[in-house]
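Q: entry.txt (compact mmCIF, C-alpha atoms) pasted underneath:
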```txt
# COMPACT_ATOMS: atom_id res chain seq x y z
CA MET A 1 0.50 -28.99 2.02
CA THR A 2 -0.34 -27.28 -1.26
CA SER A 3 2.29 -25.82 -3.54
CA SER A 4 0.00 -23.18 -5.04
CA ALA A 5 -1.47 -20.23 -3.19
CA ILE A 6 -3.68 -19.34 -6.14
CA GLU A 7 -4.40 -21.36 -9.25
CA ALA A 8 -6.64 -19.90 -11.95
CA THR A 9 -7.81 -21.82 -15.00
CA GLY A 10 -9.63 -20.06 -17.81
CA LEU A 11 -10.88 -17.58 -15.25
CA ALA A 12 -13.27 -14.97 -16.64
CA LYS A 13 -15.66 -12.40 -15.22
CA THR A 14 -18.21 -10.27 -16.97
CA PHE A 15 -20.36 -7.66 -15.25
CA ARG A 16 -23.82 -7.42 -16.79
CA ARG A 17 -24.19 -3.72 -16.07
CA ARG A 18 -20.85 -2.68 -17.49
CA GLY A 19 -20.93 -5.15 -20.35
CA GLY A 20 -17.77 -6.68 -21.78
CA TRP A 21 -15.20 -8.77 -19.97
CA ALA A 22 -13.49 -7.49 -16.85
CA LEU A 23 -11.30 -10.60 -16.91
CA ARG A 24 -10.86 -13.14 -19.70
CA ASP A 25 -9.33 -16.56 -19.98
CA CYS A 26 -6.87 -16.01 -17.13
CA THR A 27 -4.70 -19.03 -16.44
CA PHE A 28 -1.84 -18.70 -13.99
CA GLN A 29 -0.37 -20.27 -10.90
CA LEU A 30 1.04 -18.42 -7.90
CA PRO A 31 3.33 -20.65 -5.81
CA ALA A 32 2.91 -20.45 -2.04
CA GLY A 33 5.33 -18.19 -0.19
CA ARG A 34 5.79 -15.65 -2.97
CA VAL A 35 5.35 -11.91 -2.72
CA CYS A 36 3.52 -11.14 -5.94
CA ALA A 37 3.12 -7.78 -7.65
CA LEU A 38 -0.23 -7.56 -9.43
CA VAL A 39 0.29 -4.88 -12.04
CA GLY A 40 -1.72 -3.46 -14.90
CA PRO A 41 -3.29 -0.26 -16.20
CA ASN A 42 -6.56 1.13 -14.84
CA GLY A 43 -9.44 -1.17 -15.66
CA ALA A 44 -7.13 -4.09 -16.42
CA GLY A 45 -9.02 -6.35 -14.04
CA LYS A 46 -6.72 -6.28 -11.00
CA SER A 47 -9.47 -5.59 -8.46
CA THR A 48 -11.79 -8.12 -10.13
CA LEU A 49 -9.08 -10.76 -9.90
CA LEU A 50 -8.48 -10.04 -6.20
CA ALA A 51 -12.21 -10.09 -5.43
CA LEU A 52 -12.50 -13.46 -7.20
CA ALA A 53 -9.58 -14.86 -5.20
CA ALA A 54 -11.12 -13.51 -1.99
CA GLY A 55 -14.35 -15.30 -2.85
CA LEU A 56 -16.40 -12.09 -2.81
CA ILE A 57 -17.63 -12.59 -6.37
CA ALA A 58 -18.10 -15.71 -8.45
CA PRO A 59 -16.42 -16.29 -11.81
CA SER A 60 -18.49 -16.17 -15.00
CA GLU A 61 -16.27 -18.84 -16.54
CA GLY A 62 -13.36 -20.96 -15.44
CA SER A 63 -12.25 -21.52 -11.89
CA VAL A 64 -9.90 -20.25 -9.21
CA THR A 65 -8.50 -22.37 -6.39
CA VAL A 66 -7.09 -20.64 -3.33
CA LEU A 67 -4.86 -22.48 -0.82
CA GLY A 68 -6.05 -25.71 -2.40
CA GLY A 69 -9.75 -25.00 -1.86
CA HIS A 70 -12.74 -23.00 -3.00
CA PRO A 71 -12.20 -19.28 -2.26
CA ALA A 72 -15.36 -19.10 -0.15
CA HIS A 73 -14.25 -22.06 2.00
CA VAL A 74 -10.74 -20.86 2.82
CA ARG A 75 -11.69 -17.35 3.94
CA PRO A 76 -10.47 -17.90 7.52
CA ARG A 77 -6.96 -18.40 6.08
CA VAL A 78 -7.05 -15.39 3.74
CA GLY A 79 -6.70 -11.68 4.52
CA PHE A 80 -8.17 -9.24 2.01
CA VAL A 81 -7.88 -5.47 2.01
CA SER A 82 -9.91 -3.98 -0.81
CA GLN A 83 -9.14 -0.69 -2.48
CA ASP A 84 -11.73 1.33 -0.54
CA LYS A 85 -10.58 -0.07 2.85
CA PRO A 86 -14.08 -0.77 4.16
CA LEU A 87 -14.28 -0.24 7.92
CA HIS A 88 -17.18 0.68 10.17
CA PRO A 89 -17.01 4.48 10.32
CA GLN A 90 -18.75 4.79 13.68
CA LEU A 91 -16.37 2.42 15.52
CA THR A 92 -13.25 3.69 17.23
CA VAL A 93 -9.83 2.27 16.36
CA ALA A 94 -9.83 0.23 19.58
CA GLU A 95 -13.33 -1.09 18.89
CA THR A 96 -12.30 -2.02 15.35
CA LEU A 97 -9.40 -4.08 16.67
CA ARG A 98 -11.66 -5.73 19.25
CA MET A 99 -14.05 -6.62 16.42
CA GLY A 100 -11.11 -8.19 14.56
CA ALA A 101 -10.23 -10.22 17.64
CA ASP A 102 -13.84 -11.39 18.08
CA LEU A 103 -14.20 -12.34 14.41
CA ASN A 104 -10.89 -14.26 14.34
CA PRO A 105 -10.75 -15.94 17.76
CA ASP A 106 -8.42 -18.76 16.64
CA SER A 107 -5.72 -16.77 14.93
CA TRP A 108 -5.83 -13.20 16.28
CA ASP A 109 -2.41 -11.72 16.99
CA ALA A 110 -3.18 -8.72 19.20
CA ALA A 111 0.46 -7.67 19.51
CA THR A 112 0.77 -7.29 15.72
CA ALA A 113 -2.46 -5.29 15.48
CA GLU A 114 -1.33 -2.94 18.22
CA ARG A 115 2.15 -2.54 16.76
CA VAL A 116 0.86 -1.66 13.28
CA VAL A 117 -1.61 0.86 14.69
CA ALA A 118 0.95 2.31 17.10
CA GLY A 119 3.35 2.93 14.20
CA GLY A 120 1.00 5.65 13.00
CA GLU A 121 0.55 7.22 16.42
CA LEU A 122 -3.17 6.70 16.02
CA ASP A 123 -5.49 7.68 18.84
CA LEU A 124 -7.17 4.42 19.84
CA GLY A 125 -10.27 6.38 20.85
CA ALA A 126 -10.63 8.12 17.49
CA ARG A 127 -13.59 7.09 15.36
CA VAL A 128 -12.76 5.55 12.01
CA ARG A 129 -14.80 8.22 10.18
CA SER A 130 -12.48 10.92 11.51
CA LEU A 131 -9.33 9.22 10.17
CA SER A 132 -7.45 10.22 7.04
CA GLY A 133 -7.21 7.83 4.10
CA GLY A 134 -3.71 6.79 5.12
CA GLN A 135 -4.75 6.18 8.73
CA ARG A 136 -7.67 4.04 7.58
CA THR A 137 -5.29 2.04 5.42
CA ARG A 138 -3.16 1.45 8.50
CA VAL A 139 -6.13 0.19 10.52
CA ALA A 140 -7.26 -2.05 7.64
CA LEU A 141 -3.74 -3.51 7.32
CA ALA A 142 -3.58 -4.03 11.09
CA LEU A 143 -6.78 -6.11 10.87
CA ALA A 144 -5.53 -8.13 7.91
CA LEU A 145 -2.07 -8.79 9.41
CA ALA A 146 -3.31 -9.65 12.90
CA LYS A 147 -5.54 -12.33 11.39
CA ARG A 148 -2.26 -14.14 10.56
CA PRO A 149 -3.51 -15.29 7.17
CA GLU A 150 -1.63 -17.71 4.93
CA LEU A 151 -2.51 -15.50 1.96
CA LEU A 152 -2.78 -11.72 2.00
CA LEU A 153 -4.63 -10.06 -0.89
CA LEU A 154 -3.99 -6.32 -0.91
CA ASP A 155 -5.61 -4.01 -3.46
CA GLU A 156 -3.53 -0.84 -3.82
CA PRO A 157 -2.36 -1.06 -0.19
CA MET A 158 0.15 1.78 -0.44
CA ALA A 159 -1.87 4.31 -2.44
CA ALA A 160 -3.01 6.56 0.42
CA LEU A 161 0.14 6.33 2.54
CA ASP A 162 2.85 8.95 2.96
CA PRO A 163 6.40 7.85 2.00
CA LEU A 164 7.44 7.12 5.58
CA ALA A 165 4.36 5.00 6.36
CA ARG A 166 4.76 3.28 3.01
CA HIS A 167 8.31 2.20 3.82
CA GLU A 168 7.39 1.16 7.35
CA LEU A 169 4.34 -0.89 6.37
CA MET A 170 6.10 -2.47 3.39
CA GLY A 171 8.80 -3.47 5.88
CA THR A 172 6.13 -4.96 8.13
CA LEU A 173 4.69 -6.93 5.20
CA MET A 174 8.14 -8.25 4.26
CA ALA A 175 8.85 -9.23 7.87
CA THR A 176 5.54 -11.10 7.95
CA ALA A 177 6.49 -12.95 4.77
CA ALA A 178 9.93 -13.76 6.22
CA GLN A 179 8.62 -14.98 9.54
CA TYR A 180 5.48 -16.90 8.59
CA GLY A 181 6.03 -17.63 4.89
CA THR A 182 2.86 -15.68 4.13
CA THR A 183 1.98 -15.42 0.45
CA ILE A 184 1.27 -11.80 -0.44
CA VAL A 185 -0.39 -10.38 -3.55
CA MET A 186 -0.37 -6.60 -3.90
CA SER A 187 -1.71 -4.56 -6.73
CA SER A 188 -0.26 -1.22 -7.71
CA HIS A 189 0.28 1.05 -10.70
CA VAL A 190 3.66 2.08 -9.40
CA MET A 191 6.13 -0.58 -10.40
CA ALA A 192 9.09 1.13 -8.72
CA GLU A 193 7.25 0.80 -5.41
CA LEU A 194 7.09 -2.98 -5.76
CA GLU A 195 10.33 -3.77 -7.55
CA ASP A 196 12.43 -4.49 -4.46
CA SER A 197 9.68 -6.11 -2.43
CA CYS A 198 8.19 -8.61 -4.84
CA ASP A 199 9.71 -11.80 -6.17
CA HIS A 200 6.83 -12.71 -8.46
CA LEU A 201 4.96 -10.72 -11.10
CA LEU A 202 1.47 -11.01 -12.51
CA LEU A 203 0.91 -8.41 -15.23
CA ILE A 204 -2.59 -8.18 -16.58
CA GLY A 205 -3.87 -5.97 -19.36
CA ASP A 206 -7.28 -5.76 -20.91
CA GLY A 207 -8.47 -8.58 -18.66
CA ARG A 208 -5.80 -11.06 -19.74
CA VAL A 209 -2.56 -12.35 -18.28
CA ARG A 210 0.39 -10.71 -20.06
CA LEU A 211 3.28 -11.85 -17.86
CA SER A 212 3.35 -14.33 -15.02
CA GLY A 213 6.31 -15.79 -13.20
CA ASP A 214 9.11 -15.23 -10.72
CA THR A 215 10.70 -11.84 -11.40
CA ASP A 216 14.22 -13.24 -11.78
CA ASP A 217 13.00 -15.80 -14.31
CA LEU A 218 11.02 -13.18 -16.24
CA LEU A 219 14.02 -10.85 -16.36
CA ALA A 220 16.27 -13.72 -17.45
CA ALA A 221 13.85 -14.56 -20.27
CA HIS A 222 14.18 -11.07 -21.74
CA ALA A 223 17.06 -8.97 -23.01
CA LEU A 224 17.27 -5.27 -23.74
CA ILE A 225 19.61 -4.94 -26.70
CA THR A 226 20.93 -2.11 -28.85
CA GLY A 227 22.55 -2.33 -32.24
CA PRO A 228 23.16 -0.41 -35.44
CA ALA A 229 20.05 0.57 -37.42
CA ARG A 230 21.85 0.10 -40.78
CA GLY A 231 19.60 2.44 -42.68
CA ALA A 232 16.35 1.03 -41.35
CA ALA A 233 13.95 3.89 -40.74
CA ALA A 234 11.29 2.07 -38.76
CA PRO A 235 11.34 -0.80 -36.29
CA ALA A 236 9.11 -2.70 -38.71
CA ASP A 237 12.07 -2.92 -41.14
CA PHE A 238 13.83 -4.97 -38.55
CA ASP A 239 13.54 -8.68 -38.29
CA LEU A 240 15.05 -10.11 -35.16
CA ALA A 241 13.68 -13.61 -35.68
CA PRO A 242 14.01 -16.20 -34.23
CA HIS A 243 13.92 -13.95 -31.17
CA THR A 244 10.50 -12.72 -30.08
CA THR A 245 10.40 -8.93 -30.17
CA VAL A 246 8.33 -7.26 -27.46
CA GLU A 247 9.26 -3.73 -28.46
CA SER A 248 11.77 -2.05 -30.76
CA ARG A 249 12.61 1.55 -31.44
CA VAL A 250 14.92 3.32 -33.91
CA THR A 251 16.79 6.34 -32.57
CA GLY A 252 19.15 7.89 -35.10
CA ARG A 253 21.54 5.14 -36.14
CA GLN A 254 20.63 2.87 -33.30
CA VAL A 255 17.93 0.32 -32.65
CA THR A 256 16.87 -0.58 -29.13
CA ALA A 257 14.79 -3.70 -28.71
CA LEU A 258 13.34 -5.73 -25.88
CA VAL A 259 13.41 -9.34 -27.00
CA ARG A 260 12.88 -12.82 -25.67
CA PRO A 261 16.05 -14.46 -26.95
CA GLU A 262 15.82 -17.84 -28.64
CA GLY A 263 19.44 -18.86 -28.79
CA PRO A 264 22.45 -16.53 -29.19
CA LEU A 265 21.82 -12.86 -29.89
CA PRO A 266 22.89 -11.33 -33.22
CA ALA A 267 26.58 -10.33 -33.39
CA GLY A 268 27.35 -6.69 -32.76
CA TRP A 269 24.39 -6.12 -30.44
CA GLN A 270 24.93 -4.93 -26.92
CA THR A 271 22.90 -6.08 -23.94
CA ARG A 272 21.79 -3.45 -21.47
CA GLU A 273 20.63 -3.67 -17.89
CA LEU A 274 16.92 -4.51 -17.71
CA SER A 275 14.77 -3.54 -14.75
CA LEU A 276 11.39 -4.97 -13.85
CA GLU A 277 9.90 -1.56 -14.55
CA ASP A 278 11.41 -1.55 -18.07
CA LEU A 279 9.89 -4.96 -18.65
CA VAL A 280 6.43 -3.96 -17.44
CA LEU A 281 6.39 -0.64 -19.33
CA ALA A 282 7.46 -2.29 -22.58
CA HIS A 283 4.60 -4.76 -22.30
CA LEU A 284 2.09 -2.05 -21.43
CA ARG A 285 3.18 0.04 -24.44
CA ASN A 286 2.83 -2.96 -26.72
CA PRO A 287 -0.47 -4.70 -26.05
CA ALA A 288 0.13 -6.97 -29.06
CA ALA A 289 3.29 -8.52 -27.58
CA PRO A 290 2.66 -12.22 -26.93
CA PRO A 291 1.98 -13.18 -23.30
CA LEU A 292 4.52 -15.19 -21.34
CA THR A 293 3.80 -17.49 -18.41
CA LEU A 294 6.75 -19.08 -16.64
CA GLY A 295 7.05 -21.79 -14.06
CA ALA A 296 3.45 -22.99 -14.01
CA LEU A 297 3.17 -26.54 -12.77
CA PRO A 298 0.94 -28.76 -14.82
CA ALA A 299 -2.34 -29.33 -13.01
CA SER A 300 -1.64 -33.06 -12.72
CA ALA A 301 1.79 -32.61 -11.15
CA SER A 302 2.32 -34.14 -7.75
CA PRO A 303 2.13 -31.53 -5.02
CA GLN A 304 5.83 -30.94 -4.80
CA GLU A 305 7.02 -28.13 -2.63
CA ALA A 306 7.86 -25.15 -4.83
CA THR A 307 9.87 -23.38 -2.17
CA SER A 308 11.68 -20.16 -2.81
CA ALA A 309 14.85 -21.87 -1.66
CA SER A 310 14.79 -24.27 -4.60
CA ALA A 311 14.03 -21.41 -6.96
CA MET A 312 17.00 -19.57 -5.55
CA SER A 313 19.42 -22.40 -6.07
CA GLN A 314 18.46 -22.35 -9.73
CA GLU A 315 19.26 -18.67 -9.91
CA THR A 316 22.67 -18.96 -8.38
CA THR A 317 23.73 -21.69 -10.75
CA ALA A 318 22.31 -19.86 -13.77
CA MET B 319 25.46 -5.44 14.30
CA ILE B 320 25.49 -4.24 10.73
CA GLU B 321 22.71 -2.09 9.28
CA TYR B 322 22.14 -2.29 5.53
CA ARG B 323 21.25 0.71 3.44
CA ILE B 324 19.69 -0.02 0.09
CA ASP B 325 20.19 2.54 -2.67
CA ARG B 326 17.45 1.93 -5.23
CA ARG B 327 18.99 4.27 -7.80
CA SER B 328 22.49 2.83 -7.74
CA GLY B 329 21.79 0.33 -10.51
CA VAL B 330 23.50 -2.33 -8.38
CA ALA B 331 21.30 -5.35 -7.67
CA THR B 332 19.94 -5.22 -4.13
CA TYR B 333 21.44 -8.54 -3.09
CA VAL B 334 24.84 -7.40 -4.39
CA GLN B 335 24.54 -4.25 -2.27
CA ILE B 336 24.00 -6.42 0.82
CA VAL B 337 27.00 -8.60 -0.10
CA GLN B 338 29.19 -5.55 -0.70
CA GLN B 339 28.16 -3.80 2.52
CA THR B 340 28.85 -6.94 4.51
CA LYS B 341 32.30 -7.26 2.95
CA GLN B 342 32.96 -3.59 3.62
CA ALA B 343 32.07 -4.14 7.28
CA LEU B 344 34.37 -7.17 7.38
CA ARG B 345 37.21 -5.14 5.89
CA MET B 346 36.69 -2.30 8.33
CA GLY B 347 36.60 -4.67 11.29
CA LEU B 348 33.01 -3.68 12.08
CA LEU B 349 32.13 -7.36 11.76
CA GLU B 350 34.44 -9.98 13.24
CA PRO B 351 34.50 -13.78 13.26
CA GLY B 352 31.73 -15.05 15.53
CA ASP B 353 29.54 -11.99 15.01
CA LYS B 354 25.96 -12.62 13.99
CA LEU B 355 24.45 -11.09 10.87
CA PRO B 356 20.99 -9.63 11.38
CA ALA B 357 18.15 -12.11 10.81
CA ALA B 358 16.48 -11.85 7.41
CA ARG B 359 13.32 -10.75 9.16
CA GLU B 360 15.10 -7.80 10.76
CA VAL B 361 16.74 -6.74 7.50
CA VAL B 362 13.51 -6.83 5.50
CA GLU B 363 11.58 -5.01 8.20
CA ALA B 364 14.09 -2.16 8.07
CA THR B 365 14.66 -2.07 4.32
CA ALA B 366 11.32 -3.32 2.87
CA VAL B 367 13.15 -5.59 0.44
CA ASN B 368 11.97 -9.10 -0.35
CA PRO B 369 13.15 -11.78 2.12
CA ASN B 370 14.55 -13.93 -0.69
CA THR B 371 16.86 -11.08 -1.67
CA VAL B 372 18.46 -11.12 1.78
CA LEU B 373 18.69 -14.92 1.81
CA LYS B 374 20.32 -14.83 -1.62
CA ALA B 375 22.93 -12.36 -0.35
CA TYR B 376 23.63 -14.50 2.73
CA ARG B 377 23.98 -17.61 0.56
CA GLU B 378 26.47 -15.78 -1.64
CA LEU B 379 28.49 -14.79 1.44
CA GLU B 380 28.30 -18.38 2.65
CA ARG B 381 29.45 -19.68 -0.74
CA GLU B 382 32.49 -17.43 -0.46
CA GLY B 383 33.24 -18.90 2.95
CA LEU B 384 32.77 -15.61 4.79
CA VAL B 385 29.76 -16.62 6.88
CA GLU B 386 28.01 -19.80 7.94
CA ALA B 387 24.35 -20.46 8.62
CA ARG B 388 23.70 -22.36 11.84
CA ARG B 389 20.30 -23.95 11.77
CA GLY B 390 17.89 -22.23 14.08
CA LEU B 391 20.53 -19.83 15.38
CA GLY B 392 21.27 -17.47 12.51
CA THR B 393 24.12 -16.56 10.21
CA PHE B 394 27.56 -15.99 11.72
CA VAL B 395 30.80 -14.51 10.44
CA ARG B 396 33.47 -17.16 9.81
CA ARG B 397 36.40 -15.09 8.80
CA SER B 398 37.44 -11.53 8.39
CA LEU B 399 38.42 -9.83 5.14
CA GLY B 400 41.55 -7.83 4.42
CA ALA B 401 44.09 -6.66 6.93
CA ALA B 402 43.08 -3.09 7.54
CA PRO B 403 40.72 -2.73 10.46
CA ALA B 404 39.24 0.67 11.20
CA ASP B 405 41.99 1.60 13.67
CA SER B 406 45.06 0.27 11.81
CA PRO B 407 48.18 2.39 11.20
CA LEU B 408 47.47 2.25 7.45
CA ARG B 409 44.13 3.92 8.01
CA GLY B 410 45.83 6.61 10.05
CA GLU B 411 48.33 7.26 7.27
CA LEU B 412 45.53 7.46 4.72
CA ALA B 413 43.62 9.89 6.94
CA GLU B 414 46.72 12.09 7.17
CA TRP B 415 47.12 11.93 3.41
CA ALA B 416 43.46 12.90 2.93
CA ALA B 417 43.93 15.87 5.25
CA ARG B 418 47.00 16.99 3.23
CA ALA B 419 45.06 16.59 -0.02
CA ARG B 420 42.30 18.75 1.38
CA ALA B 421 44.75 21.35 2.61
CA ALA B 422 46.26 21.41 -0.89
CA GLY B 423 42.84 22.45 -2.20
CA LEU B 424 41.65 19.17 -3.74
CA GLU B 425 37.92 18.58 -3.97
CA ARG B 426 36.27 15.35 -2.81
CA ASP B 427 35.93 14.13 -6.42
CA ASP B 428 39.61 14.97 -7.15
CA VAL B 429 40.68 12.87 -4.19
CA ALA B 430 38.37 10.01 -5.16
CA ALA B 431 39.69 10.04 -8.75
CA LEU B 432 43.29 10.12 -7.56
CA PHE B 433 42.73 7.31 -5.12
CA ALA B 434 40.92 5.20 -7.74
CA ALA B 435 43.77 5.75 -10.22
CA VAL B 436 46.43 4.65 -7.69
CA LEU B 437 44.25 1.72 -6.70
CA ASP B 438 44.03 0.58 -10.33
CA GLU B 439 47.84 0.80 -10.66
CA HIS B 440 48.39 -1.54 -7.73
CA PHE B 441 45.44 -3.92 -7.78
CA ASP B 442 43.36 -5.90 -10.24
CA SER B 443 39.82 -4.68 -10.44
CA THR B 444 37.93 -7.01 -8.12
CA ALA B 445 34.66 -5.20 -8.78
CA LYS B 446 34.81 -6.27 -12.43
CA GLU B 447 35.41 -9.87 -11.48
CA GLN B 448 32.35 -9.76 -9.30
CA GLU B 449 30.20 -8.30 -12.06
CA ASN B 450 31.31 -10.95 -14.49
CA ARG B 451 30.41 -13.76 -12.23
```
Mind turning the file's structure into structure tokens?
A:
Amino acid sequence: MTSSAIEATGLAKTFRRRGGWALRDCTFQLPAGRVCALVGPNGAGKSTLLALAAGLIAPSEGSVTVLGGHPAHVRPRVGFVSQDKPLHPQLTVAETLRMGADLNPDSWDAATAERVVAGGELDLGARVRSLSGGQRTRVALALALAKRPELLLLDEPMAALDPLARHELMGTLMATAAQYGTTIVMSSHVMAELEDSCDHLLLIGDGRVRLSGDTDDLLAAHALITGPARGAAAPADFDLAPHTTVESRVTGRQVTALVRPEGPLPAGWQTRELSLEDLVLAHLRNPAAPPLTLGALPASASPQEATSASAMSQETTA
Amino acid sequence: MIEYRIDRRSGVATYVQIVQQTKQALRMGLLEPGDKLPAAREVVEATAVNPNTVLKAYRELEREGLVEARRGLGTFVRRSLGAAPADSPLRGELAEWAARARAAGLERDDVAALFAAVLDEHFDSTAKEQENR
């Protein structure tokens, strides 16, 4: 049994036509069983990273290991829904599901496929080309879920869905994770959409890893603090060393700063509640903030089981 | 069976909301010793929250001795909380009082403020203790 669902080392991808790096020097480890939010601005490299993990494109540099193997060799155990939800437009919904069953004879879960499709009251006889974007998403997710993969890679899965379908299908994804321990990676721009559903975060910007780790650990490693400005006019006048400052702002007589504390915080500063969205936005606004990767096992470590249960016991004692 | 409602704007951590709603149900007698809590899978399917969040809430309830996990069977209520089930005489008296307050022209917020003030006079703030932990 492997402890990592995805392990990337120095992973990089450059597209000759576009020029420049779509992804650069990405090193991170995603433990098995996590529900990971893949977040970053447009063009950050999210889709490239997912396509590399799905084995659809090859890295220019570095390597990525998926479920302990080469991405191209573990495809039967991976479900991938790309951003454009590619389906055969001339097939009906029923024919599409039959195709899924034929292509995945060992693992096909027909009941799941039918339940996901039925949730949208889709006409099984309707051709895929006549479906709306949200309905196509539903069919694509039905295919991916019914394959019963160990790893689900979802590129913007919720983008085309109405709020009701979004809640329902996110619930279905969470139930799948709860029941089968499926590792899920979903990309999105909308952090609020993922905040309650994900327990792991991979933030990439400009092709590089900015934040990587379990969300509780990442939140615990940061503090949002406010204190008196004491005449300082600009954040630059402020030195919060030895703490690492991700972002600081002066408003009137007050300074607000997002820091990674190194030891006790300065006296007279107040700590405020920090959400995952605050954390992500602060890092997106400040591309120069140093990256932070938490919880990565060294490559030589024995394959110990990094279960969420053990991670949770750490949280409760913290 | 209890149904959890997650309020994403409340500012209260999701697992704490699950703990609080379970305790509320125990206080109101909606959950009794021997009752089964919904399986994590059912909760996450209905609420779309991460499974670990539900497990964390259940572990917290277990740590407080309110529920116990039985391997392969689920999580069951061990003991009840408080002494005021939904149909107790105290509840009836409070309902009468609320009706009088309404008849006297008090708004919902007035009643809530009054009740909270009296509560603070008679009890230590347990909510604060929970936050500090």
Q: List the spatial neighbours of A:Asp84 as a list of chain:residue names - criterion: any atom at most 10 Å away, all atoms listed in the file, same-chain residues fewer than 5 positions off excluded.
A: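 So the residues in contact are A:Gly133, A:Arg136, A:Thr137, A:Ala140, A:Asp155, A:Glu156, A:Pro157.
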Q: Against chain A, which residues of chain B fall within 10 Å? For each one I want the closest pair of atoms and the distance in Å (one decimal), counting all atoms listed in the file, rows by chain and increasing residue number, as a tab-separated table.
A:
```
residue	atom	partner	partner_atom	distance
B:Ile324	CA	A:Asp196	CA	9.7
B:Arg326	CA	A:Asp196	CA	8.2
B:Gly329	CA	A:Glu273	CA	8.5
B:Ala331	CA	A:Asp196	CA	9.5
B:Thr332	CA	A:Asp196	CA	7.6
B:Tyr333	CA	A:Asp196	CA	10.0
B:Ala357	CA	A:Ala178	CA	9.6
B:Ala358	CA	A:Ala178	CA	6.9
B:Arg359	CA	A:Ala175	CA	4.9
B:Glu360	CA	A:Ala175	CA	7.0
B:Val361	CA	A:Ala175	CA	8.3
B:Val362	CA	A:Met174	CA	5.7
B:Glu363	CA	A:Gly171	CA	3.9
B:Ala364	CA	A:Gly171	CA	5.9
B:Thr365	CA	A:Gly171	CA	6.2
B:Ala366	CA	A:Gly171	CA	3.9
B:Val367	CA	A:Ser197	CA	4.5
B:Asn368	CA	A:Ser197	CA	4.3
B:Pro369	CA	A:Ala178	CA	5.6
B:Asn370	CA	A:Ser308	CA	7.2
B:Thr371	CA	A:Asp196	CA	8.4
B:Val372	CA	A:Ala178	CA	10.0
B:Leu373	CA	A:Ala309	CA	8.7
B:Lys374	CA	A:Met312	CA	7.0
B:Arg377	CA	A:Thr316	CA	9.1
B:Glu378	CA	A:Thr316	CA	8.4
```
Q: Give me the residues near stretch 123-131 of chain A as a list in words, where near means some atom within 10 Å (using only C-alpha atoms) and where sequence neighbours in that chain fewer than 6 positions away do not count.
A: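 Once the nearby chain positions are removed, what remains is Leu87, His88, Pro89, Gln90, Leu91, Thr92, Val93, Ala94, Glu95, Thr96, Leu97, Glu114, Val117, Thr137 and Val139 of chain A.
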Q: One decimal, Å: what's the distance from atom CA of A:Leu202 over to atom CA of A:Asp278, could you say?
A: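 Going from atom CA of A:Leu202 over to atom CA of A:Asp278 covers 14.8 Å.
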Q: Near stretch 408-415 of chain B, within 12 Å and counting all atoms listed in the file, which residues show up once chain neighbours fewer than 6 positions away are dropped, as a list of chain:residue names?
A: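 The neighbour list is B:Arg345, B:Met346, B:Gly347, B:Ala401, B:Ala402, B:Ala421, B:Ala422, B:Leu424, B:Val429, B:Leu432, B:Phe433.
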Q: Next, write the just-selected residues to a file, as a short mmCIF file (atom, residue, chain, number, x, y, z; two decimals), in the coordinates of the input, keeping C-alpha atoms as the atom set.
A:
```
data_model
loop_
_atom_site.label_atom_id
_atom_site.label_comp_id
_atom_site.auth_asym_id
_atom_site.auth_seq_id
_atom_site.Cartn_x
_atom_site.Cartn_y
_atom_site.Cartn_z
CA ARG B 345 37.21 -5.14 5.89
CA MET B 346 36.69 -2.30 8.33
CA GLY B 347 36.60 -4.67 11.29
CA ALA B 401 44.09 -6.66 6.93
CA ALA B 402 43.08 -3.09 7.54
CA ALA B 421 44.75 21.35 2.61
CA ALA B 422 46.26 21.41 -0.89
CA LEU B 424 41.65 19.17 -3.74
CA VAL B 429 40.68 12.87 -4.19
CA LEU B 432 43.29 10.12 -7.56
CA PHE B 433 42.73 7.31 -5.12
#
```
Q: So which one's closest to B:Met319, B:Pro407, B:Gly383, B:Pro351, B:Pro356? Using all atoms listed in the file, please.
A: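 The closest residue to B:Met319 is B:Pro356.
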Q: One decimal, Å: what's the distance from atom CA of A:Lys85 over to atom CA of A:Leu56, could you say?
A: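 A separation of 14.5 Å between them.
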Q: Within 7 Å of stretch 251-254 of chain A, counting all atoms listed in the file, which residues show up once you throw out same-chain ones fewer than 2 positions away? Write them as a PDB file with C-alpha atoms, in the frame of the given file, please.
A:
```pdb
ATOM      1  CA  THR A 226      20.930  -2.110 -28.850  1.00  0.00           C
ATOM      2  CA  GLY A 227      22.550  -2.330 -32.240  1.00  0.00           C
ATOM      3  CA  PRO A 228      23.160  -0.410 -35.440  1.00  0.00           C
ATOM      4  CA  ALA A 229      20.050   0.570 -37.420  1.00  0.00           C
ATOM      5  CA  ARG A 230      21.850   0.100 -40.780  1.00  0.00           C
ATOM      6  CA  ARG A 249      12.610   1.550 -31.440  1.00  0.00           C
ATOM      7  CA  THR A 256      16.870  -0.580 -29.130  1.00  0.00           C
TER       8      THR A 256
END
```
Q: As an MDAnalysis selection string, please: the residues near stretch 12-19 of chain A (cut-off 10 Å, all atoms listed in the file, same-chain neighbours under 5 positions excluded).
A: chainID A and resid 24:27 45 48:49 52 57:64 207:208
Q: Could you tell me, as a VMD selection string, which residues have any atom at most 10 Å from (1.3, 2.2, -9.6), counting only C-alpha atoms?
A: chain A and resid 38 to 42 156 158 to 159 187 to 194
Q: Rank nothing, just name the residue among A:Gly263, A:Pro290, A:Pro163, A:Gly120 nearest to A:Leu211, using all atoms listed in the file.
A: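 Nearest candidate to A:Leu211 out of A:Gly263, A:Pro290, A:Pro163, A:Gly120: A:Pro290.
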